[in-house]
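Asks: Let me begin by handing over the structure; questions about it come next.
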Amino acid sequence: MEIQILLSENGIKYKEIYEQIRLAILDNKLSAHARLPAKRRLAEQLNVSIITVQMAYEQLQSEGYCYSAERKGYFVSEIQGEMHFNQINTMDLEKRIQNEFLINFKNGQIDASAFPYKHWNRLYRKELNESNASNAQWQGEYSLRVQIALYLQQARGLACQPEQVYIFSGFQQLLLNVCLFFKRRAIGIEDPGFSRARSVFDQLQLPCYPISVDEEGCCVPDEPIKLLYTTPAHQYPTGTIMSIARRVELLKWAINQDAFIIEDDYDSEFRYKGAPIPALSHMDSTGRVLYFGTFSKTLLPSLRISYLIMPAALQQDFEKFNAYQKSTVSRIDQRAAAKFMEEGLYSSHIAKMRTLYRAKRSCLIDSLSKHLGEHFDIIGDTAGLHIIVTLPDGLNEPKAIALAKSAGVEIDAVSPMYQLHKPNNHVMFGYGAPSMDEIERGVQLIAKAWKGYLLD
């Protein structure tokens with residue numbers, strides 16, 4: 001049976017073969033039990049390897065579109081019922097496939113290729129046994145809580161006990177739990193601020209007040225709130241580092257208002273200029289600051305391990321509130337992470353990643369300066385894994401993002417992070433995921449697209 005299959009120049013060949021045969025089956029162009037072309041003949045027809053055709057056929061078979069008969073080949077399955085689907089033409093297919101190869105400057109990504117998989121797999125295999133088959137205790141594995149307490153004391157100057165450490169499966173689950181614990185009190189969030197934090201407040205239908213950010217960081221609230229969410233070490237997204245004077249003012253405000261501060265220390269490990277910035281919790285002697293930490297930036301986001309340091313005075317009530325909860329983080333992952341830290345691998349990995357990200361940051365800034373020139377200003381480049389670029393007159397945020405994507409590059413919008421006065425001339429570049437070559441190439445593509453638009 002002859003099948004007309006059109007392959008694009010840069011597409012993934014087996015996916016294109018699979019998709020076009022699948023559509024032919026759904027469109028009844030290939031009848032039930034019809035024999036598909038022999039692998040060798042189709043490979044010769046399309047000028048691809050037999051392995052490529054084999055992969056396409058195996059994918060079709062795994063999804064039930066065809067079946068195989070020993071020494072006879074592959075045959076179209078009989079699909080019961082009438083199928084309705086949207087036809088995808090070849091041009092749409094090529095666009096979709098090309099999108100898989102976009103250079104990724106999206107924020108919140110890390111360089112997964114630099115993760116020490118060999119060490120992690122060794123520790124993970126050791127913990128993967130029958131004795132670890134049960135859930136971790138609700139608060140988290142004690143061995144991991146010990147290591148987190150030691151690490152925070154050494155790296156962030158934060159004195160806490162393992163009993164104050166609580167393990168959660170990611171930032172949003174942690175924030176949700178804390179907001180419920182505080183009985184849905186009115187909350188303040190930096191403006192601009194972290195969109196995923198605000199989405200939690202929206203889901204809970206909490207009264208949420210935007211708190212302005214200036215050159216010293218989050219301002220002292222005037223609003224009637226009892227909780228304040230803030231990012232002192234590296235304000236998100238502007239990169240502002242909260243001054244010591246402002247920290248003192250916020251702590252005094254919390255005492256006077258009988259309020260609490262949520263300190264999200266999401267990427268403090270990656271600072272490239274000046275001395276390390278101490279945690280706000282380090283200055284808190286009255287138990288007004290709840291410290292949020294995460295392994296998403298330093299290890300892998302897919303591990304889903306975040307943690308809370310709860311002030312000692314709130315521990316008993318917090319544990320009573322969560323009395324019927326179970327741990328939502330794999331016990332094996334927790335124990336592997338504890339061993340990873342205990343053997344000194346965590347500190348070594350952070351040091352390596354800090355060097356790598358510093359080089360990527362320099363590469364990005366140099367590339368932007370080289371290809372975009374002086375008309376594009378950079379904001380917040382002293383720490384973290386992202387920068388903000390200010391666009392020149394004639395180029396707004398949505399157009400800049402659309403032009404970048406059409407050139408094969410993904411960047412982020414900044415305006416959704418504002419609640420009040422949304423800027424229209426800022427975009428964000430995250431440099432965690434792309435390689436140095438991709439950073440240089442991505443900026444070149446963006447510069448060509450943006451300059452071409454401005455010159456029209």
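Just so we're on the same page: first chain in the structure tokens is A, next is B, and so on; residues restart at 1 for each chain, and ligands are numbered from 1 in the order they show up.
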For the structure I just gave you, how does DSSP split range 4-169 of chain A - specifically, which residues are strand (DSSP E)? Reply as a ChimeraX atom specification.
Replies: /A:66-69,73-76,103-104,165-168
Asks: Please dump the current selection as a short mmCIF file (atom, residue, chain, number, x, y, z; two decimals), in the first residue's frame; keep N, CA, C and O atoms.
Replies:
data_model
loop_
_atom_site.label_atom_id
_atom_site.label_comp_id
_atom_site.auth_asym_id
_atom_site.auth_seq_id
_atom_site.Cartn_x
_atom_site.Cartn_y
_atom_site.Cartn_z
N CYS A 66 -2.28 0.29 15.17
CA CYS A 66 -1.94 -0.83 14.30
C CYS A 66 -1.52 -2.02 15.15
O CYS A 66 -1.33 -1.89 16.36
N TYR A 67 -1.42 -3.18 14.51
CA TYR A 67 -0.95 -4.38 15.22
C TYR A 67 0.02 -5.11 14.29
O TYR A 67 0.06 -4.86 13.07
N SER A 68 0.82 -5.97 14.86
CA SER A 68 1.81 -6.69 14.06
C SER A 68 1.48 -8.18 14.04
O SER A 68 0.90 -8.73 14.98
N ALA A 69 1.85 -8.81 12.96
CA ALA A 69 1.74 -10.26 12.82
C ALA A 69 3.12 -10.79 12.47
O ALA A 69 3.80 -10.24 11.59
N GLY A 73 4.22 -8.45 9.05
CA GLY A 73 4.29 -7.00 9.06
C GLY A 73 3.28 -6.34 9.98
O GLY A 73 2.77 -6.96 10.93
N TYR A 74 2.98 -5.09 9.69
CA TYR A 74 2.08 -4.29 10.51
C TYR A 74 0.78 -4.04 9.75
O TYR A 74 0.79 -3.81 8.53
N PHE A 75 -0.33 -4.06 10.51
CA PHE A 75 -1.66 -3.91 9.92
C PHE A 75 -2.47 -2.87 10.70
O PHE A 75 -2.31 -2.73 11.92
N VAL A 76 -3.36 -2.18 9.99
CA VAL A 76 -4.19 -1.14 10.61
C VAL A 76 -5.21 -1.80 11.54
O VAL A 76 -5.88 -2.76 11.16
N ILE A 103 14.67 28.10 21.72
CA ILE A 103 15.68 28.38 22.75
C ILE A 103 14.94 28.93 23.97
O ILE A 103 14.16 29.86 23.87
N ASN A 104 15.20 28.34 25.12
CA ASN A 104 14.38 28.57 26.30
C ASN A 104 15.02 29.58 27.26
O ASN A 104 15.93 29.24 28.02
N VAL A 165 11.79 22.55 61.34
CA VAL A 165 11.82 22.37 59.89
C VAL A 165 10.65 21.47 59.47
O VAL A 165 10.44 20.40 60.03
N TYR A 166 9.92 21.91 58.43
CA TYR A 166 8.79 21.15 57.89
C TYR A 166 8.97 21.02 56.38
O TYR A 166 9.20 22.01 55.69
N ILE A 167 8.85 19.79 55.88
CA ILE A 167 9.09 19.51 54.46
C ILE A 167 7.76 19.47 53.71
O ILE A 167 6.80 18.83 54.14
N PHE A 168 7.73 20.16 52.55
CA PHE A 168 6.54 20.20 51.71
C PHE A 168 6.91 19.90 50.26
O PHE A 168 8.07 20.04 49.86
#
Asks: I want to know what sits within 9 Å of range 215-219 of chain A, based on only C-alpha atoms, with residues of the same chain fewer than 4 positions away left out; could you give that as an NGL selection string?
Replies: :A and (189-191 or 211 or 230-232 or 234-235 or 240-247 or 249-250)
Asks: Can those selected residues be exported to a file as an mmCIF file, in the first residue's frame so that it contains N, CA, C and O atoms?
Replies:
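Dumped everything to again02.cif:
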data_model
loop_
_atom_site.group_PDB
_atom_site.id
_atom_site.type_symbol
_atom_site.label_atom_id
_atom_site.label_comp_id
_atom_site.auth_asym_id
_atom_site.auth_seq_id
_atom_site.Cartn_x
_atom_site.Cartn_y
_atom_site.Cartn_z
ATOM 1 N N ILE A 189 1.311 41.374 49.422
ATOM 2 C CA ILE A 189 2.327 40.821 48.538
ATOM 3 C C ILE A 189 3.005 41.958 47.801
ATOM 4 O O ILE A 189 2.377 42.947 47.435
ATOM 5 N N GLU A 190 4.298 41.828 47.627
ATOM 6 C CA GLU A 190 5.059 42.846 46.915
ATOM 7 C C GLU A 190 4.454 43.118 45.533
ATOM 8 O O GLU A 190 3.957 42.204 44.881
ATOM 9 N N ASP A 191 4.530 44.377 45.130
ATOM 10 C CA ASP A 191 4.061 44.751 43.796
ATOM 11 C C ASP A 191 5.171 45.531 43.089
ATOM 12 O O ASP A 191 5.466 46.655 43.476
ATOM 13 N N ILE A 211 1.751 45.650 47.921
ATOM 14 C CA ILE A 211 2.649 46.496 48.704
ATOM 15 C C ILE A 211 3.791 46.945 47.797
ATOM 16 O O ILE A 211 4.503 46.112 47.227
ATOM 17 N N THR A 230 7.156 38.363 51.166
ATOM 18 C CA THR A 230 8.228 39.190 50.631
ATOM 19 C C THR A 230 9.442 38.344 50.258
ATOM 20 O O THR A 230 9.609 37.212 50.743
ATOM 21 N N THR A 231 10.293 38.898 49.387
ATOM 22 C CA THR A 231 11.514 38.210 48.923
ATOM 23 C C THR A 231 12.709 39.120 49.178
ATOM 24 O O THR A 231 13.215 39.768 48.252
ATOM 25 N N PRO A 232 13.202 39.197 50.406
ATOM 26 C CA PRO A 232 14.199 40.215 50.783
ATOM 27 C C PRO A 232 15.559 40.057 50.108
ATOM 28 O O PRO A 232 16.181 41.049 49.725
ATOM 29 N N HIS A 234 16.441 38.760 47.248
ATOM 30 C CA HIS A 234 16.480 38.993 45.802
ATOM 31 C C HIS A 234 15.048 39.197 45.350
ATOM 32 O O HIS A 234 14.381 38.258 44.949
ATOM 33 N N GLN A 235 14.582 40.439 45.439
ATOM 34 C CA GLN A 235 13.172 40.716 45.186
ATOM 35 C C GLN A 235 12.762 40.204 43.813
ATOM 36 O O GLN A 235 13.445 40.422 42.816
ATOM 37 N N THR A 240 15.909 43.637 43.408
ATOM 38 C CA THR A 240 16.310 44.543 44.492
ATOM 39 C C THR A 240 16.660 43.756 45.754
ATOM 40 O O THR A 240 15.981 42.795 46.109
ATOM 41 N N ILE A 241 17.728 44.173 46.429
ATOM 42 C CA ILE A 241 18.134 43.561 47.698
ATOM 43 C C ILE A 241 17.672 44.471 48.828
ATOM 44 O O ILE A 241 17.994 45.666 48.846
ATOM 45 N N MET A 242 16.891 43.933 49.744
ATOM 46 C CA MET A 242 16.321 44.743 50.815
ATOM 47 C C MET A 242 17.416 45.288 51.731
ATOM 48 O O MET A 242 18.284 44.549 52.193
ATOM 49 N N SER A 243 17.370 46.580 51.991
ATOM 50 C CA SER A 243 18.368 47.222 52.855
ATOM 51 C C SER A 243 18.189 46.790 54.304
ATOM 52 O O SER A 243 17.110 46.336 54.716
ATOM 53 N N ILE A 244 19.240 46.950 55.079
ATOM 54 C CA ILE A 244 19.177 46.619 56.506
ATOM 55 C C ILE A 244 18.152 47.509 57.209
ATOM 56 O O ILE A 244 17.368 47.039 58.051
ATOM 57 N N ALA A 245 18.126 48.788 56.846
ATOM 58 C CA ALA A 245 17.178 49.713 57.479
ATOM 59 C C ALA A 245 15.742 49.265 57.231
ATOM 60 O O ALA A 245 14.900 49.288 58.137
ATOM 61 N N ARG A 246 15.433 48.830 55.988
ATOM 62 C CA ARG A 246 14.080 48.399 55.674
ATOM 63 C C ARG A 246 13.734 47.109 56.410
ATOM 64 O O ARG A 246 12.582 46.918 56.849
ATOM 65 N N ARG A 247 14.703 46.236 56.577
ATOM 66 C CA ARG A 247 14.451 44.991 57.310
ATOM 67 C C ARG A 247 14.054 45.300 58.760
ATOM 68 O O ARG A 247 13.131 44.697 59.308
ATOM 69 N N GLU A 249 12.736 48.046 59.845
ATOM 70 C CA GLU A 249 11.410 48.682 59.823
ATOM 71 C C GLU A 249 10.303 47.636 59.700
ATOM 72 O O GLU A 249 9.263 47.734 60.369
ATOM 73 N N LEU A 250 10.505 46.634 58.846
ATOM 74 C CA LEU A 250 9.484 45.598 58.665
ATOM 75 C C LEU A 250 9.321 44.747 59.920
ATOM 76 O O LEU A 250 8.199 44.379 60.286
#
Asks: Out of A:Ile401, A:Leu102, A:Met417, A:Leu152, which residue has the shortest atom-to-atom distance to Glu438 in chain A when counting only C-alpha atoms?
Replies: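 Of all the options, A:Leu102 lies closest to Glu438 in chain A.
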Asks: Skip Val178 in chain A itself and residues of its chain fewer than 6 positions away, then list as an MDAnalysis selection string all residues within 12 Å of it, counting only C-alpha atoms.
Replies: chainID A and resid 166 168 171:172 184:185 187 197 200:201 204 227:229 260:262 290:292 307:310 314:315 317:319 321:322
Asks: So, counting only C-alpha atoms, which residue among A:Leu356, A:Ile110, A:Ile3, A:Ala447 is closest to Leu368 in chain A?
Replies: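 Smallest separation from Leu368 in chain A among the options: A:Ala447.
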Asks: Excluding same-chain residues fewer than 5 positions from Gly157 in chain A, what lies within 9 Å of it counting only C-alpha atoms, as an NGL selection string?
Replies: :A and (152 or 278-279 or 281-282)
Asks: Just write the chosen residues, all heavy atoms, as a JSON list (two decimals), in the first residue's frame.
Replies:
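The result, stored in result_8.json:
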[["chain", "number", "residue", "atom", "x", "y", "z"],
["A", 152, "LEU", "N", 21.39, 25.88, 56.87],
["A", 152, "LEU", "CA", 20.91, 27.25, 57.05],
["A", 152, "LEU", "C", 21.76, 28.01, 58.06],
["A", 152, "LEU", "O", 21.99, 29.21, 57.92],
["A", 152, "LEU", "CB", 19.45, 27.25, 57.49],
["A", 152, "LEU", "CG", 18.44, 26.79, 56.43],
["A", 152, "LEU", "CD1", 17.04, 26.75, 57.01],
["A", 152, "LEU", "CD2", 18.48, 27.68, 55.20],
["A", 278, "PRO", "N", 22.43, 38.25, 54.44],
["A", 278, "PRO", "CA", 21.82, 37.41, 55.49],
["A", 278, "PRO", "C", 20.31, 37.35, 55.34],
["A", 278, "PRO", "O", 19.68, 38.27, 54.79],
["A", 278, "PRO", "CB", 22.22, 38.12, 56.78],
["A", 278, "PRO", "CG", 22.47, 39.54, 56.38],
["A", 278, "PRO", "CD", 23.02, 39.48, 54.98],
["A", 279, "ALA", "N", 19.74, 36.28, 55.84],
["A", 279, "ALA", "CA", 18.28, 36.13, 55.79],
["A", 279, "ALA", "C", 17.63, 37.13, 56.74],
["A", 279, "ALA", "O", 18.19, 37.48, 57.78],
["A", 279, "ALA", "CB", 17.90, 34.71, 56.16],
["A", 281, "SER", "N", 15.20, 36.37, 58.52],
["A", 281, "SER", "CA", 14.99, 35.54, 59.71],
["A", 281, "SER", "C", 16.17, 35.60, 60.67],
["A", 281, "SER", "O", 16.01, 35.42, 61.88],
["A", 281, "SER", "CB", 14.74, 34.09, 59.30],
["A", 281, "SER", "OG", 13.63, 33.98, 58.44],
["A", 282, "HIS", "N", 17.36, 35.84, 60.13],
["A", 282, "HIS", "CA", 18.56, 35.95, 60.96],
["A", 282, "HIS", "C", 18.44, 37.10, 61.95],
["A", 282, "HIS", "O", 19.00, 37.04, 63.06],
["A", 282, "HIS", "CB", 19.78, 36.15, 60.05],
["A", 282, "HIS", "CG", 21.04, 36.49, 60.76],
["A", 282, "HIS", "ND1", 21.70, 35.60, 61.57],
["A", 282, "HIS", "CD2", 21.77, 37.64, 60.79],
["A", 282, "HIS", "CE1", 22.78, 36.17, 62.07],
["A", 282, "HIS", "NE2", 22.85, 37.41, 61.62]]
Asks: Identify which of the residues A:Ala133, A:Ile388, A:Ala24, A:Leu300 lies closest to Tyr346 in chain A, counting only C-alpha atoms when measuring atom-to-atom distances.
Replies: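 Of all the options, A:Leu300 lies closest to Tyr346 in chain A.
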Asks: Suppose you want the space between CA of Ser195 in chain A and CA of Gly384 in chain A; what is it in Å?
Replies: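 So the answer is 17.0 Å.
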Asks: Identify, with DSSP run on backbone atoms, the residues in range 193-322 of chain A assigned to alpha helix (DSSP H), and express the list as a VMD selection string.
Replies: chain A and resid 195 to 203 244 to 257 280 to 283 315 to 321
Asks: Could you list, as a PyMOL selection string, every residue within 10 Å of Gln4 in chain A, counting only C-alpha atoms and ignoring same-chain residues fewer than 4 positions away?
Replies: chain A and resi 17+20-21+24+45-46
Asks: If I take CA of Glu16 in chain A and CA of Asn28 in chain A, how far is one from the other in Å, to one decimal?
Replies: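 Taking CA of Glu16 in chain A and CA of Asn28 in chain A, their separation equals 18.4 Å.
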Asks: Go through A:Pro221, A:Gly394, A:Gly430, A:Pro116 and flag the residue nearest Asp456 in chain A, using only C-alpha atoms for the distances.
Replies: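 Ranking A:Pro221, A:Gly394, A:Gly430, A:Pro116 by distance to Asp456 in chain A, first place goes to A:Gly394.
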Asks: Show which residues sit within 10 Å of Ala112 in chain A, as a PyMOL selection string. Count only C-alpha atoms, and ignore same-chain residues fewer than 4 positions away.
Replies: chain A and resi 116-117+299-301+432-434
Asks: Residues of the last selection are to be written out with all heavy atoms, as a short mmCIF file (atom, residue, chain, number, x, y, z; two decimals), in the first residue's frame.
Replies:
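Writing the result to result_11.cif gives the following:
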data_model
loop_
_atom_site.label_atom_id
_atom_site.label_comp_id
_atom_site.auth_asym_id
_atom_site.auth_seq_id
_atom_site.Cartn_x
_atom_site.Cartn_y
_atom_site.Cartn_z
N PRO A 116 24.58 16.29 39.29
CA PRO A 116 25.45 15.12 39.51
C PRO A 116 24.64 13.82 39.61
O PRO A 116 24.49 13.23 40.68
CB PRO A 116 26.15 15.46 40.84
CG PRO A 116 25.18 16.32 41.57
CD PRO A 116 24.47 17.13 40.51
N TYR A 117 24.14 13.36 38.49
CA TYR A 117 23.26 12.19 38.46
C TYR A 117 23.95 10.95 39.02
O TYR A 117 23.32 10.12 39.66
CB TYR A 117 22.77 11.94 37.04
CG TYR A 117 21.88 13.03 36.50
CD1 TYR A 117 22.38 14.02 35.66
CD2 TYR A 117 20.53 13.08 36.84
CE1 TYR A 117 21.57 15.02 35.17
CE2 TYR A 117 19.70 14.08 36.36
CZ TYR A 117 20.23 15.05 35.53
OH TYR A 117 19.42 16.05 35.05
N LEU A 299 18.90 21.94 43.27
CA LEU A 299 18.95 20.54 42.82
C LEU A 299 18.12 20.41 41.55
O LEU A 299 18.52 20.85 40.50
CB LEU A 299 18.47 19.59 43.93
CG LEU A 299 19.40 19.49 45.15
CD1 LEU A 299 18.81 18.55 46.20
CD2 LEU A 299 20.78 19.03 44.75
N LEU A 300 16.93 19.82 41.65
CA LEU A 300 16.06 19.66 40.49
C LEU A 300 14.63 20.05 40.87
O LEU A 300 14.14 19.62 41.92
CB LEU A 300 16.06 18.20 40.00
CG LEU A 300 17.35 17.65 39.41
CD1 LEU A 300 17.20 16.16 39.12
CD2 LEU A 300 17.74 18.40 38.13
N PRO A 301 13.94 20.83 40.03
CA PRO A 301 12.54 21.17 40.33
C PRO A 301 11.65 19.93 40.46
O PRO A 301 10.70 19.93 41.24
CB PRO A 301 12.12 22.02 39.13
CG PRO A 301 13.39 22.55 38.56
CD PRO A 301 14.43 21.50 38.81
N GLY A 432 18.97 30.13 33.30
CA GLY A 432 19.29 28.86 33.94
C GLY A 432 19.40 27.71 32.96
O GLY A 432 20.33 26.90 33.02
N ALA A 433 18.44 27.61 32.04
CA ALA A 433 18.35 26.44 31.17
C ALA A 433 19.27 26.46 29.96
O ALA A 433 19.92 25.45 29.66
CB ALA A 433 16.90 26.25 30.71
N PRO A 434 19.36 27.55 29.18
CA PRO A 434 20.13 27.50 27.93
C PRO A 434 21.62 27.36 28.15
O PRO A 434 22.17 27.84 29.15
CB PRO A 434 19.79 28.83 27.25
CG PRO A 434 19.43 29.75 28.36
CD PRO A 434 18.78 28.90 29.40
#
